[in-house]
Amino acid sequence: MVTRSRTFKALIFASSNAATAVVTLVIAAVLSRVFDKIDYATYRQTLLVYQFSGPLLALGLPAALFYFLPGETSRIRAVLLENLILLGVLGGSFSLFLVFGGNVFVAEQFSNPELEETLLVFALYPVLFLPTTAVSAVLVVQEKVQWLFLHTVVTRLSRLFLVLGVVWLCAAGPLGAVGAMTVSGGIVFASGIYLMFRAVPRSEVSRPTLRGMSSQLKYAVPIGLALMLEKLAMGIDQVLVAALCSPREFAVFVNGAMEIPFIRMITVPATAVVLPELVAFYKNNQKGEALELWRKAARKVSVVLLPIGGVLFVIAPELMTLLYSSEYIESSRPLRIYLLLLPARLIFFGAIFQAAGRTDLILKRAVGTLVLNTLVSYPLIYYFGIEGAAWGTVIVFWGYVIPYCIGYCSRLLEVRWFELMPYRQVGLMILMMIVAGVAATALQQLLPFENTLIVAMTTTAMFLVFLGPPFFLLYRKDLKGYWHTVRHRLGGRGDRRAS
């Protein structure tokens with residue numbers, strides 16, 4: 001029953017992330033067609049500023065709630081208020097930075113003067129959106145994942161309608177689209193604050209204290225610095241491409257650089273759901289149970305993540321054409337390169353570090369990744385263009401990040417490295433996908449039609465036909481587990497309604 005509940009929470013959380021990813025893709029797809037490449041690059045570079053500053057501003061405070069909220073009773077409302085106050089102050093400081101000259105500084109670094117205006121309009125977004133980064137942690141810990149799903153769907157759809165409405169109805173350029181994004185930040189803020197206070201009841205002590213804020217900062221700062229550095233490390237390619245390449249090349253690259261949001265859509269929910277239990281197991285010195293829980297999470301994620309990645313790899317050119325038009329078919333090259341990271345990103349190794357209280361290991365890993373990715377990616381971009389940026393990230397991840405994580409996680413859980421992950425199951429999945437991908441690609445060349453949508457659908461069907469039978473035979477138990485969880489929940493709701 002516990003496993004079912006955990007799986008259901010992960011599915012709901014994943015659906016929330018999927019809603020965000022879908023809305024982001026739809027907006028990008030529309031703007032790629034409506035704007036020319038320079039205007040589209042301006043819009044994406046404006047958002048890029050917050051995407052990379054956000055983890056630094058948050059200082060790991062949302063993640064700290066996974067540690068401070070579970071088991072707290074006497075001052076649970078105070079813990080939430082302390083977290084939100086800190087996030088609000090940090091978001092406000094960045095907003096002031098953009099207003100008082102930061103917009104000009106960033107525009108000069110990216111050699112794009114249009115960013116001066118768009119960043120000024122965008123300046124209100126950080127102070128509105130940053131406090132809402134705590135929503136996921138609060139609602140997951142308080143067993144309100146359904147609320148999280150509704151919050152995400154409603155606010156992201158509002159964002160979609162605002163941005164597309166401004167662009168289509170008002171024929172606005174990137175400045176109008178950025179303004180709509182800022183307004184959507186206000187909607188997210190109102191919804192998030194309301195739900196967090198509904199989920200966290202009043203407690204004996206509800207007044208925030210400086211001591212409480214200090215405790216959260218002491219725990220969160222190492223995580224926050226690590227998240228910021230990892231975000232920069234994994235996304236330094238976009239910064240380097242923005243600085244070293246033309247806006248048109250950046251537009252092509254950024255549409256194909258889908259690795260981070262696509263993977264996080266699935267791995268973040270799984271990690272968030274199991275993290276409180278991992279912390280409890282580790283505190284009680286139940287390392288065997290922690291390892292088993294972590295391995296199950298990795299296996300469940302791989303059953304979903306790897307086949308989706310295989311399909312995207314095979315139909316990458318058609319996907320980019322359908323999403324962004326034929327002008328962006330070259331975006332399929334960086335997309336395929338990033339998909340090579342999928343086997344290494346089945347679950348966040350940082351969950352083990354957090355459960356063990358070794359957030360310093362996350363920080364050290366992030367520093368090494370940032371330095372190495374910069375050193376490797378810079379010359380690759382210089383010689384190979386935008387594809388070099390993607391290859392730099394892949395090389396550093398497989399050559400440094402994975403060995404680092406496997407080594408330290410094995411020590412913390414007191415197991416040998418080859419017992420840490422379900423390597424055999426994952427290896428079989430990859431082998432089956434390679435065979436199915438090669439067969440589907442070969443048959444794709446024989447298709448008698450040229451319509452992009454039909455080619456993509458037919459190729460996907462062929463891939464699934466080759467992959468499906470052996471995949472279902474070997475991983476029938478995992479697939480049935482997902483199906484039974486969904487059916488049980490839907491059936492339970494139906495029974496309650498009938499009664």
# chains A, B, ... in the order shown; residues from 1 in each chain; ligands from 1
>>> residues_around(residues="stretch 335-344 of chain A", least_positions_apart="2", cutoff="7 Å", atoms="only C-alpha atoms", output="PyMOL selection string")
chain A and resi 256-259+306+309+313+316+331-333+346+390-391+394+402
>>> write_last_selection(atoms="N, CA and C atoms", output="PDB file, in the first residue's frame")
ATOM      1  N   GLY A 256      16.796  23.045 -29.264  1.00  0.00           N
ATOM      2  CA  GLY A 256      17.201  21.647 -29.172  1.00  0.00           C
ATOM      3  C   GLY A 256      17.758  21.269 -27.818  1.00  0.00           C
ATOM      4  N   ALA A 257      18.079  22.255 -26.982  1.00  0.00           N
ATOM      5  CA  ALA A 257      18.678  21.983 -25.669  1.00  0.00           C
ATOM      6  C   ALA A 257      17.573  21.645 -24.675  1.00  0.00           C
ATOM      7  N   MET A 258      16.909  20.506 -24.891  1.00  0.00           N
ATOM      8  CA  MET A 258      15.740  20.128 -24.098  1.00  0.00           C
ATOM      9  C   MET A 258      16.067  19.144 -22.992  1.00  0.00           C
ATOM     10  N   GLU A 259      17.336  18.791 -22.826  1.00  0.00           N
ATOM     11  CA  GLU A 259      17.691  17.715 -21.909  1.00  0.00           C
ATOM     12  C   GLU A 259      17.247  17.978 -20.478  1.00  0.00           C
ATOM     13  N   LEU A 306      13.394   6.001 -20.304  1.00  0.00           N
ATOM     14  CA  LEU A 306      14.227   5.530 -21.407  1.00  0.00           C
ATOM     15  C   LEU A 306      13.443   5.299 -22.708  1.00  0.00           C
ATOM     16  N   GLY A 309      12.750   8.640 -24.261  1.00  0.00           N
ATOM     17  CA  GLY A 309      13.979   9.176 -24.841  1.00  0.00           C
ATOM     18  C   GLY A 309      14.345   8.503 -26.149  1.00  0.00           C
ATOM     19  N   PHE A 313      14.762  10.379 -29.770  1.00  0.00           N
ATOM     20  CA  PHE A 313      16.018  10.296 -30.520  1.00  0.00           C
ATOM     21  C   PHE A 313      15.756   9.917 -31.973  1.00  0.00           C
ATOM     22  N   ALA A 316      13.799  12.858 -33.890  1.00  0.00           N
ATOM     23  CA  ALA A 316      14.248  14.216 -33.539  1.00  0.00           C
ATOM     24  C   ALA A 316      14.073  15.234 -34.667  1.00  0.00           C
ATOM     25  N   SER A 331      17.976  21.998 -35.002  1.00  0.00           N
ATOM     26  CA  SER A 331      17.909  21.850 -33.545  1.00  0.00           C
ATOM     27  C   SER A 331      17.895  20.385 -33.126  1.00  0.00           C
ATOM     28  N   SER A 332      17.613  19.490 -34.063  1.00  0.00           N
ATOM     29  CA  SER A 332      17.585  18.061 -33.733  1.00  0.00           C
ATOM     30  C   SER A 332      18.964  17.541 -33.370  1.00  0.00           C
ATOM     31  N   ARG A 333      20.014  18.188 -33.869  1.00  0.00           N
ATOM     32  CA  ARG A 333      21.362  17.689 -33.570  1.00  0.00           C
ATOM     33  C   ARG A 333      21.714  17.851 -32.092  1.00  0.00           C
ATOM     34  N   LEU A 346      18.771   8.861 -14.430  1.00  0.00           N
ATOM     35  CA  LEU A 346      17.553   8.175 -14.040  1.00  0.00           C
ATOM     36  C   LEU A 346      16.996   8.692 -12.713  1.00  0.00           C
ATOM     37  N   ALA A 390      26.876  21.054 -26.759  1.00  0.00           N
ATOM     38  CA  ALA A 390      26.168  19.879 -26.243  1.00  0.00           C
ATOM     39  C   ALA A 390      27.140  18.741 -25.933  1.00  0.00           C
ATOM     40  N   TRP A 391      28.112  18.522 -26.816  1.00  0.00           N
ATOM     41  CA  TRP A 391      29.080  17.460 -26.577  1.00  0.00           C
ATOM     42  C   TRP A 391      29.913  17.727 -25.325  1.00  0.00           C
ATOM     43  N   VAL A 394      27.957  16.490 -22.323  1.00  0.00           N
ATOM     44  CA  VAL A 394      27.885  15.026 -22.274  1.00  0.00           C
ATOM     45  C   VAL A 394      29.222  14.433 -21.822  1.00  0.00           C
ATOM     46  N   ILE A 402      29.232  11.234 -13.147  1.00  0.00           N
ATOM     47  CA  ILE A 402      28.740   9.895 -12.800  1.00  0.00           C
ATOM     48  C   ILE A 402      29.748   9.121 -11.941  1.00  0.00           C
TER      49      ILE A 402
END
>>> select_by_dssp(residues="stretch 103-268 of chain A", states="helix (DSSP H, G or I)", output="ChimeraX atom specification")
/A:103-109,115-122,125-141,145-169,174-199,210-244,247-256,259-268
>>> write_last_selection(atoms="C-alpha atoms", output="short mmCIF file (atom, residue, chain, number, x, y, z; two decimals), in the first residue's frame")
data_model
loop_
_atom_site.label_atom_id
_atom_site.label_comp_id
_atom_site.auth_asym_id
_atom_site.auth_seq_id
_atom_site.Cartn_x
_atom_site.Cartn_y
_atom_site.Cartn_z
CA ASN A 103 19.48 44.95 -17.51
CA VAL A 104 22.11 47.02 -19.30
CA PHE A 105 24.94 44.83 -18.02
CA VAL A 106 23.32 41.60 -19.26
CA ALA A 107 22.44 43.15 -22.64
CA GLU A 108 26.07 44.10 -23.15
CA GLN A 109 27.34 40.61 -22.26
CA LEU A 115 17.44 42.92 -23.73
CA GLU A 116 17.61 46.27 -21.94
CA GLU A 117 13.85 46.81 -22.37
CA THR A 118 12.70 43.22 -21.97
CA LEU A 119 14.70 42.71 -18.76
CA LEU A 120 13.29 45.92 -17.31
CA VAL A 121 9.75 44.64 -17.89
CA PHE A 122 10.79 41.24 -16.52
CA TYR A 125 9.03 38.43 -12.06
CA PRO A 126 11.72 37.26 -9.55
CA VAL A 127 10.06 38.79 -6.48
CA LEU A 128 6.72 37.27 -7.51
CA PHE A 129 7.86 33.84 -8.64
CA LEU A 130 10.70 32.99 -6.24
CA PRO A 131 8.52 32.50 -3.11
CA THR A 132 6.36 30.06 -5.06
CA THR A 133 9.33 27.73 -5.61
CA ALA A 134 8.45 26.41 -2.13
CA VAL A 135 5.03 25.19 -3.27
CA SER A 136 6.18 21.74 -4.41
CA ALA A 137 8.01 20.94 -1.18
CA VAL A 138 5.17 22.16 1.03
CA LEU A 139 2.39 20.30 -0.78
CA VAL A 140 4.38 17.07 -1.16
CA VAL A 141 5.37 16.98 2.52
CA VAL A 145 -0.03 16.43 -4.32
CA GLN A 146 -3.45 16.79 -5.97
CA TRP A 147 -3.41 20.46 -5.03
CA LEU A 148 0.02 20.75 -6.59
CA PHE A 149 -1.30 19.29 -9.83
CA LEU A 150 -4.24 21.71 -9.97
CA HIS A 151 -2.02 24.68 -9.09
CA THR A 152 0.46 23.83 -11.82
CA VAL A 153 -2.11 23.15 -14.53
CA VAL A 154 -4.18 26.26 -13.83
CA THR A 155 -1.25 28.67 -13.54
CA ARG A 156 0.58 27.27 -16.57
CA LEU A 157 -2.53 27.43 -18.72
CA SER A 158 -2.99 31.02 -17.59
CA ARG A 159 0.57 31.70 -18.70
CA LEU A 160 -0.11 30.07 -22.05
CA PHE A 161 -3.24 32.12 -22.72
CA LEU A 162 -1.60 35.36 -21.59
CA VAL A 163 1.51 34.99 -23.76
CA LEU A 164 -0.29 33.72 -26.86
CA GLY A 165 -3.09 36.25 -26.42
CA VAL A 166 -0.67 39.16 -26.31
CA VAL A 167 1.28 37.87 -29.30
CA TRP A 168 -1.70 36.95 -31.47
CA LEU A 169 -4.32 39.53 -30.52
CA PRO A 174 9.25 39.95 -27.49
CA LEU A 175 8.56 42.86 -25.11
CA GLY A 176 4.85 41.98 -25.01
CA ALA A 177 5.56 38.27 -24.53
CA VAL A 178 7.91 39.03 -21.63
CA GLY A 179 5.30 41.34 -20.10
CA ALA A 180 2.73 38.53 -20.25
CA MET A 181 5.21 36.21 -18.52
CA THR A 182 5.59 38.74 -15.73
CA VAL A 183 1.82 38.99 -15.26
CA SER A 184 1.65 35.20 -15.12
CA GLY A 185 4.17 35.34 -12.29
CA GLY A 186 1.60 37.29 -10.27
CA ILE A 187 -1.01 34.58 -10.87
CA VAL A 188 1.43 31.87 -9.76
CA PHE A 189 2.23 33.91 -6.64
CA ALA A 190 -1.41 34.36 -5.60
CA SER A 191 -2.27 30.68 -6.14
CA GLY A 192 0.89 29.37 -4.50
CA ILE A 193 0.64 31.48 -1.35
CA TYR A 194 -3.01 30.58 -0.88
CA LEU A 195 -2.41 26.82 -1.21
CA MET A 196 0.67 26.78 1.03
CA PHE A 197 -1.17 28.48 3.88
CA ARG A 198 -4.14 26.17 3.38
CA ALA A 199 -1.86 23.12 3.55
CA LEU A 210 15.64 35.20 13.18
CA ARG A 211 16.93 32.01 14.79
CA GLY A 212 14.61 29.92 12.63
CA MET A 213 15.69 31.74 9.49
CA SER A 214 19.32 31.26 10.45
CA SER A 215 18.78 27.51 10.92
CA GLN A 216 17.20 27.16 7.50
CA LEU A 217 19.96 29.18 5.87
CA LYS A 218 22.69 27.09 7.50
CA TYR A 219 21.12 23.94 6.10
CA ALA A 220 20.11 25.40 2.75
CA VAL A 221 23.10 27.51 1.67
CA PRO A 222 25.35 24.56 0.73
CA ILE A 223 22.46 23.05 -1.24
CA GLY A 224 21.63 26.41 -2.81
CA LEU A 225 25.19 27.08 -3.87
CA ALA A 226 25.39 23.56 -5.26
CA LEU A 227 22.12 23.93 -7.17
CA MET A 228 23.23 27.27 -8.56
CA LEU A 229 26.61 25.93 -9.64
CA GLU A 230 25.05 22.76 -11.09
CA LYS A 231 22.53 24.83 -13.00
CA LEU A 232 25.35 26.92 -14.39
CA ALA A 233 27.45 23.82 -15.04
CA MET A 234 24.71 21.99 -16.91
CA GLY A 235 23.62 25.14 -18.71
CA ILE A 236 26.91 26.93 -19.26
CA ASP A 237 26.57 25.76 -22.84
CA GLN A 238 23.62 28.12 -23.35
CA VAL A 239 25.51 31.00 -21.79
CA LEU A 240 28.58 30.32 -23.93
CA VAL A 241 26.49 29.97 -27.09
CA ALA A 242 24.70 33.24 -26.26
CA ALA A 243 28.04 34.98 -25.75
CA LEU A 244 30.07 33.38 -28.57
CA PRO A 247 21.37 35.32 -31.87
CA ARG A 248 20.19 33.19 -34.83
CA GLU A 249 22.51 30.34 -33.83
CA PHE A 250 21.40 30.70 -30.21
CA ALA A 251 17.76 30.39 -31.29
CA VAL A 252 18.50 27.12 -33.10
CA PHE A 253 20.54 25.75 -30.21
CA VAL A 254 18.17 26.63 -27.38
CA ASN A 255 15.22 24.86 -29.04
CA GLY A 256 17.20 21.65 -29.17
CA GLU A 259 17.69 17.71 -21.91
CA ILE A 260 17.25 19.45 -18.55
CA PRO A 261 13.48 20.14 -18.55
CA PHE A 262 12.62 16.81 -20.17
CA ILE A 263 14.57 14.75 -17.63
CA ARG A 264 13.53 16.84 -14.64
CA MET A 265 9.89 16.38 -15.58
CA ILE A 266 10.20 12.77 -14.42
CA THR A 267 13.18 12.57 -12.05
CA VAL A 268 12.31 15.53 -9.82
#
>>> closest_residue(among="A:Ala78, A:Leu47, A:Phe110, A:Glu414", to="A:Ser246", atoms="only C-alpha atoms")
A:Phe110
>>> atom_distance(atom1="atom CA of A:Val314", atom2="atom CA of A:Phe463")
8.2 Å
>>> atom_distance(atom1="atom CA of A:Leu420", atom2="atom CA of A:Ala356")
15.5 Å
>>> closest_residue(among="A:Ser377, A:Val415, A:Arg476, A:Ile38", to="A:Asn112", atoms="only C-alpha atoms")
A:Ile38
